[in-house]
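Let me begin by presenting the structure, written as structure tokens, before commenting on it.
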Amino acid sequence: MRIATWNVNSIRQRMDGLQAWLEERKPDIVCLQEIKCTDDAFPREPLEALGYNIAVHGQKTFNGVALLSKLPFDEVAPGLMGDDGDAQARFLEAVISVRGGVLRVASLYLPNGNPAPGDRYAYKLRWMDRLIAFARARLTLEEPLVLAGDYNVIPTPADAKHPEAWIHDALFLKPTRDKFRTLVNLGLVDALRAVSDDPGLFTYWDYQGGAFAKDDGIRIDHILLSPQAADRLAHAGVDRHVRGWDKPSDHVPVYVDLDIR
DNA sequence: ATGACAGGAGTATCCTGA
């Protein structure tokens, strides 16, 4: 069972690259972020033709998350618990039956939070508190759980080419990293760091200033696993070559292989 | 010396992103 996450920065602008990558990497489940379209505008047909069931939680212009799955969805739930008034489409949870039980997956797009301090940063920290509450609740189920997406968090200095350039940024400020650590310390495993301590594992390079050519990247797209999922972790990787394709997203896919049929 | 991002909305720029 291969599960991937990718912030595509507009699903409609990324269809060629997305289809090419799906045929190459062959993930069973994909968590997408920043689809930047409403549910009605989501390009379902070409993805269904590749064998995927589709769940979408979109909105006009910004944000938007989706799930692709070769296995059918048993349940789909849009939105993150803790604030019914939050209109931003950043969270989509699904339950999928697998051999011997269920798999619970969420595609999440954590707020950027810049500029900090300010309203946007306060919203980011509140959203992280809600995510922590969600994870705490779901962990009591003792299921294989995969929380995958664009966390907009640089967890440690080893996750940036130039960490000193990010010290005043909402992605790297101490409260941001502290809350991410609180989340992980509930008992989750950062899948990529479970398989590698390579300091060059980046998932995002800015479009500006030739950042990819200089490998001036950061690691902000993460896959966190519950103990029941982490016990089945076989491999994790980053498809950085996708950043070199025509009309790339500024993010690249991250994936895990779990020993689940 | 020049230009040095991308996407959406919408039609000129402005907002957002990280």
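Following the order of the structure tokens, chains are lettered A, B, ..., residues in each are numbered from 1, and ligands are numbered from 1.
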
Please report, as a tab-separated table, each residue of chain B lying at most 8 Å from chain A, together with the nearest pair of atoms and the separation in Å rounded to one decimal; use only C-alpha atoms (C1' of nucleotides), and order rows by chain and ascending residue number.
```
residue	atom	partner	partner_atom	distance
B:DA4	C1'	A:Gly209	CA	6.6
B:DC5	C1'	A:Gln208	CA	4.9
B:DA6	C1'	A:Tyr207	CA	7.4
B:DG7	C1'	A:Ser10	CA	7.1
B:DG8	C1'	A:Thr61	CA	5.4
B:DA9	C1'	A:Thr61	CA	7.7
B:DT16	C1'	A:Phe62	CA	8.0
B:DG17	C1'	A:Asn112	CA	7.6
B:DA18	C1'	A:Asn112	CA	7.0
```

Could you take the residues named above and write them with N, CA, C and O atoms (P, O5', C5', C4', C3', O3' and C1' of nucleotides), as a PDB file, in the first residue's frame?
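Result went into again02.pdb, see below:
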```
ATOM      1  P    DA B   4      11.701  39.179 -15.217  1.00  0.00           P
ATOM      2  O5'  DA B   4      12.282  38.049 -14.277  1.00  0.00           O
ATOM      3  C5'  DA B   4      13.507  37.390 -14.610  1.00  0.00           C
ATOM      4  C4'  DA B   4      14.272  37.088 -13.340  1.00  0.00           C
ATOM      5  C3'  DA B   4      13.368  36.784 -12.135  1.00  0.00           C
ATOM      6  O3'  DA B   4      13.753  35.549 -11.555  1.00  0.00           O
ATOM      7  C1'  DA B   4      15.019  38.343 -11.556  1.00  0.00           C
ATOM      8  P    DC B   5      12.509  34.732 -10.811  1.00  0.00           P
ATOM      9  O5'  DC B   5      11.251  35.612 -11.096  1.00  0.00           O
ATOM     10  C5'  DC B   5      10.001  35.232 -11.572  1.00  0.00           C
ATOM     11  C4'  DC B   5       9.442  33.942 -11.066  1.00  0.00           C
ATOM     12  C3'  DC B   5       8.204  33.528 -11.840  1.00  0.00           C
ATOM     13  O3'  DC B   5       8.213  32.135 -11.982  1.00  0.00           O
ATOM     14  C1'  DC B   5       7.651  33.856  -9.548  1.00  0.00           C
ATOM     15  P    DA B   6       7.214  31.500 -13.133  1.00  0.00           P
ATOM     16  O5'  DA B   6       5.896  31.193 -12.292  1.00  0.00           O
ATOM     17  C5'  DA B   6       5.931  30.141 -11.349  1.00  0.00           C
ATOM     18  C4'  DA B   6       4.543  29.944 -10.788  1.00  0.00           C
ATOM     19  C3'  DA B   6       3.411  29.990 -11.810  1.00  0.00           C
ATOM     20  O3'  DA B   6       2.614  28.849 -11.603  1.00  0.00           O
ATOM     21  C1'  DA B   6       2.967  31.478 -10.021  1.00  0.00           C
ATOM     22  P    DG B   7       1.461  28.500 -12.634  1.00  0.00           P
ATOM     23  O5'  DG B   7       0.157  28.937 -11.841  1.00  0.00           O
ATOM     24  C5'  DG B   7      -0.162  28.267 -10.638  1.00  0.00           C
ATOM     25  C4'  DG B   7      -1.424  28.855 -10.061  1.00  0.00           C
ATOM     26  C3'  DG B   7      -2.532  29.101 -11.086  1.00  0.00           C
ATOM     27  O3'  DG B   7      -3.697  28.465 -10.641  1.00  0.00           O
ATOM     28  C1'  DG B   7      -2.122  31.056  -9.810  1.00  0.00           C
ATOM     29  P    DG B   8      -5.052  28.515 -11.481  1.00  0.00           P
ATOM     30  O5'  DG B   8      -5.869  29.673 -10.773  1.00  0.00           O
ATOM     31  C5'  DG B   8      -6.134  29.543  -9.381  1.00  0.00           C
ATOM     32  C4'  DG B   8      -7.003  30.687  -8.922  1.00  0.00           C
ATOM     33  C3'  DG B   8      -8.148  31.030  -9.862  1.00  0.00           C
ATOM     34  O3'  DG B   8      -9.316  31.240  -9.088  1.00  0.00           O
ATOM     35  C1'  DG B   8      -6.804  32.940  -9.510  1.00  0.00           C
ATOM     36  P    DA B   9     -10.718  31.443  -9.835  1.00  0.00           P
ATOM     37  O5'  DA B   9     -10.901  33.029  -9.826  1.00  0.00           O
ATOM     38  C5'  DA B   9     -10.992  33.695  -8.575  1.00  0.00           C
ATOM     39  C4'  DA B   9     -11.040  35.179  -8.797  1.00  0.00           C
ATOM     40  C3'  DA B   9     -12.057  35.636  -9.849  1.00  0.00           C
ATOM     41  O3'  DA B   9     -12.740  36.780  -9.366  1.00  0.00           O
ATOM     42  C1'  DA B   9      -9.944  36.507 -10.359  1.00  0.00           C
ATOM     43  P    DT B  16      -4.890  38.446   1.188  1.00  0.00           P
ATOM     44  O5'  DT B  16      -4.157  37.109   0.767  1.00  0.00           O
ATOM     45  C5'  DT B  16      -4.906  36.063   0.152  1.00  0.00           C
ATOM     46  C4'  DT B  16      -3.956  35.008  -0.343  1.00  0.00           C
ATOM     47  C3'  DT B  16      -2.894  34.579   0.677  1.00  0.00           C
ATOM     48  O3'  DT B  16      -3.165  33.252   1.067  1.00  0.00           O
ATOM     49  C1'  DT B  16      -1.981  34.875  -1.507  1.00  0.00           C
ATOM     50  P    DG B  17      -2.338  32.564   2.246  1.00  0.00           P
ATOM     51  O5'  DG B  17      -1.168  31.859   1.439  1.00  0.00           O
ATOM     52  C5'  DG B  17      -1.469  30.911   0.420  1.00  0.00           C
ATOM     53  C4'  DG B  17      -0.211  30.587  -0.330  1.00  0.00           C
ATOM     54  C3'  DG B  17       0.990  30.209   0.553  1.00  0.00           C
ATOM     55  O3'  DG B  17       1.574  29.042   0.037  1.00  0.00           O
ATOM     56  C1'  DG B  17       1.620  31.795  -1.025  1.00  0.00           C
ATOM     57  P    DA B  18       1.909  27.834   1.112  1.00  0.00           P
ATOM     58  O5'  DA B  18       3.458  28.067   1.342  1.00  0.00           O
ATOM     59  C5'  DA B  18       4.366  27.694   0.317  1.00  0.00           C
ATOM     60  C4'  DA B  18       5.756  28.215   0.639  1.00  0.00           C
ATOM     61  C3'  DA B  18       6.226  27.925   2.063  1.00  0.00           C
ATOM     62  O3'  DA B  18       7.607  27.595   2.024  1.00  0.00           O
ATOM     63  C1'  DA B  18       6.342  30.239   1.674  1.00  0.00           C
TER      64       DA B  18
END
```

Do a neighbour search on Pro111 of chain A at 12 Å with only C-alpha atoms (C1' of nucleotides), toss out local chain neighbours closer than 3 positions, and write the hits as a ChimeraX atom specification.
-> /A:33-34,62-64,86,88-91,108,114-115,119-128,131,149-153,170-171,176,220 /B:16-18

Could you give me, as a VMD selection string, the residues within 10 Å of Leu186 of chain A, counting only C-alpha atoms (C1' of nucleotides) and dropping anything in the same chain fewer than 3 positions from it?
-> chain A and resid 132 to 133 135 to 136 139 181 to 183 189 226

Return as number ranges by chain the full set of residues in segment 171-228 of chain A whose backbone-based DSSP assignment is strand (DSSP E).
-> A: 189-190, 204-205, 217-218, 221-225

Please, could you write that set of residues out with C-alpha atoms as a PDB file, in the first residue's frame?
```pdb
ATOM      1  CA  VAL A 189       6.114   8.942  13.594  1.00  0.00           C
ATOM      2  CA  ASP A 190       7.510  11.347  10.981  1.00  0.00           C
ATOM      3  CA  TYR A 204       9.576  22.688  -1.453  1.00  0.00           C
ATOM      4  CA  TRP A 205      11.671  25.134  -3.457  1.00  0.00           C
ATOM      5  CA  GLY A 217      14.802  24.058  -0.280  1.00  0.00           C
ATOM      6  CA  ILE A 218      12.863  23.245   2.857  1.00  0.00           C
ATOM      7  CA  ASP A 221       5.354  18.313   3.495  1.00  0.00           C
ATOM      8  CA  HIS A 222       5.103  15.507   6.018  1.00  0.00           C
ATOM      9  CA  ILE A 223       3.508  12.100   6.524  1.00  0.00           C
ATOM     10  CA  LEU A 224       2.828  11.307  10.185  1.00  0.00           C
ATOM     11  CA  LEU A 225       1.910   7.751  11.161  1.00  0.00           C
TER      12      LEU A 225
END
```

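Counting from atom CA of Tyr52 of chain A, the distance to atom CA of Val30 of chain A is 9.4 Å.
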
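Note that atom CA of Phe180 of chain A and atom CA of Asp197 of chain A are 18.0 Å apart.
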
Among the residues of segment 8-255 of chain A, find those DSSP assigns to alpha helix (DSSP H) from the backbone and print them as a PyMOL selection string.
-> chain A and resi 15-25+44-48+119-139+174-184+191-195+227-230

Writer output for current selection, C-alpha atoms, as a PDB file, in the first residue's frame:
```pdb
ATOM      1  CA  MET A  15      -3.043  17.784 -14.607  1.00  0.00           C
ATOM      2  CA  ASP A  16      -0.310  16.785 -17.084  1.00  0.00           C
ATOM      3  CA  GLY A  17       2.303  16.429 -14.370  1.00  0.00           C
ATOM      4  CA  LEU A  18      -0.105  14.749 -11.969  1.00  0.00           C
ATOM      5  CA  GLN A  19      -1.125  12.096 -14.486  1.00  0.00           C
ATOM      6  CA  ALA A  20       2.501  11.452 -15.475  1.00  0.00           C
ATOM      7  CA  TRP A  21       3.512  11.106 -11.828  1.00  0.00           C
ATOM      8  CA  LEU A  22       0.571   8.802 -10.984  1.00  0.00           C
ATOM      9  CA  GLU A  23       1.535   6.472 -13.814  1.00  0.00           C
ATOM     10  CA  GLU A  24       5.178   6.524 -12.714  1.00  0.00           C
ATOM     11  CA  ARG A  25       4.847   6.192  -8.914  1.00  0.00           C
ATOM     12  CA  ARG A  44     -12.541  13.992 -11.991  1.00  0.00           C
ATOM     13  CA  GLU A  45     -12.757  12.093 -15.259  1.00  0.00           C
ATOM     14  CA  PRO A  46      -9.078  11.734 -16.216  1.00  0.00           C
ATOM     15  CA  LEU A  47      -8.254  10.611 -12.669  1.00  0.00           C
ATOM     16  CA  GLU A  48     -11.148   8.165 -12.510  1.00  0.00           C
ATOM     17  CA  ASP A 119      -3.997  37.441  12.703  1.00  0.00           C
ATOM     18  CA  ARG A 120      -2.717  34.914  10.200  1.00  0.00           C
ATOM     19  CA  TYR A 121      -0.156  33.525  12.610  1.00  0.00           C
ATOM     20  CA  ALA A 122      -2.744  33.308  15.389  1.00  0.00           C
ATOM     21  CA  TYR A 123      -4.994  31.342  13.017  1.00  0.00           C
ATOM     22  CA  LYS A 124      -2.125  28.980  12.209  1.00  0.00           C
ATOM     23  CA  LEU A 125      -1.451  28.260  15.887  1.00  0.00           C
ATOM     24  CA  ARG A 126      -5.164  27.759  16.636  1.00  0.00           C
ATOM     25  CA  TRP A 127      -5.396  25.386  13.648  1.00  0.00           C
ATOM     26  CA  MET A 128      -2.425  23.419  15.005  1.00  0.00           C
ATOM     27  CA  ASP A 129      -4.172  23.148  18.391  1.00  0.00           C
ATOM     28  CA  ARG A 130      -7.224  21.742  16.599  1.00  0.00           C
ATOM     29  CA  LEU A 131      -5.030  19.267  14.699  1.00  0.00           C
ATOM     30  CA  ILE A 132      -3.457  18.150  17.986  1.00  0.00           C
ATOM     31  CA  ALA A 133      -6.945  17.613  19.456  1.00  0.00           C
ATOM     32  CA  PHE A 134      -7.974  15.654  16.364  1.00  0.00           C
ATOM     33  CA  ALA A 135      -4.897  13.434  16.509  1.00  0.00           C
ATOM     34  CA  ARG A 136      -5.358  12.829  20.234  1.00  0.00           C
ATOM     35  CA  ALA A 137      -8.947  11.728  19.624  1.00  0.00           C
ATOM     36  CA  ARG A 138      -8.146   9.460  16.669  1.00  0.00           C
ATOM     37  CA  LEU A 139      -5.133   7.851  18.340  1.00  0.00           C
ATOM     38  CA  LYS A 174       9.578  28.487  17.903  1.00  0.00           C
ATOM     39  CA  PRO A 175       5.821  28.297  18.667  1.00  0.00           C
ATOM     40  CA  THR A 176       5.307  26.629  15.276  1.00  0.00           C
ATOM     41  CA  ARG A 177       7.988  24.013  15.888  1.00  0.00           C
ATOM     42  CA  ASP A 178       6.869  23.510  19.486  1.00  0.00           C
ATOM     43  CA  LYS A 179       3.310  22.708  18.408  1.00  0.00           C
ATOM     44  CA  PHE A 180       4.537  20.370  15.675  1.00  0.00           C
ATOM     45  CA  ARG A 181       6.644  18.569  18.265  1.00  0.00           C
ATOM     46  CA  THR A 182       3.643  18.383  20.601  1.00  0.00           C
ATOM     47  CA  LEU A 183       1.689  16.773  17.767  1.00  0.00           C
ATOM     48  CA  VAL A 184       4.404  14.206  17.008  1.00  0.00           C
ATOM     49  CA  ALA A 191       7.810   8.709   8.244  1.00  0.00           C
ATOM     50  CA  LEU A 192      10.593  10.317   6.230  1.00  0.00           C
ATOM     51  CA  ARG A 193      12.752  10.881   9.321  1.00  0.00           C
ATOM     52  CA  ALA A 194      12.114   7.278  10.350  1.00  0.00           C
ATOM     53  CA  VAL A 195      14.001   6.112   7.270  1.00  0.00           C
ATOM     54  CA  PRO A 227       1.910   3.402  15.891  1.00  0.00           C
ATOM     55  CA  GLN A 228      -0.318   0.902  14.044  1.00  0.00           C
ATOM     56  CA  ALA A 229       0.733   2.439  10.711  1.00  0.00           C
ATOM     57  CA  ALA A 230       4.380   2.977  11.682  1.00  0.00           C
TER      58      ALA A 230
END
```

Would you work out the distance separating atom CA of Val98 of chain A from atom CA of Tyr255 of chain A, expressed in Å to one decimal?
-> 18.3 Å
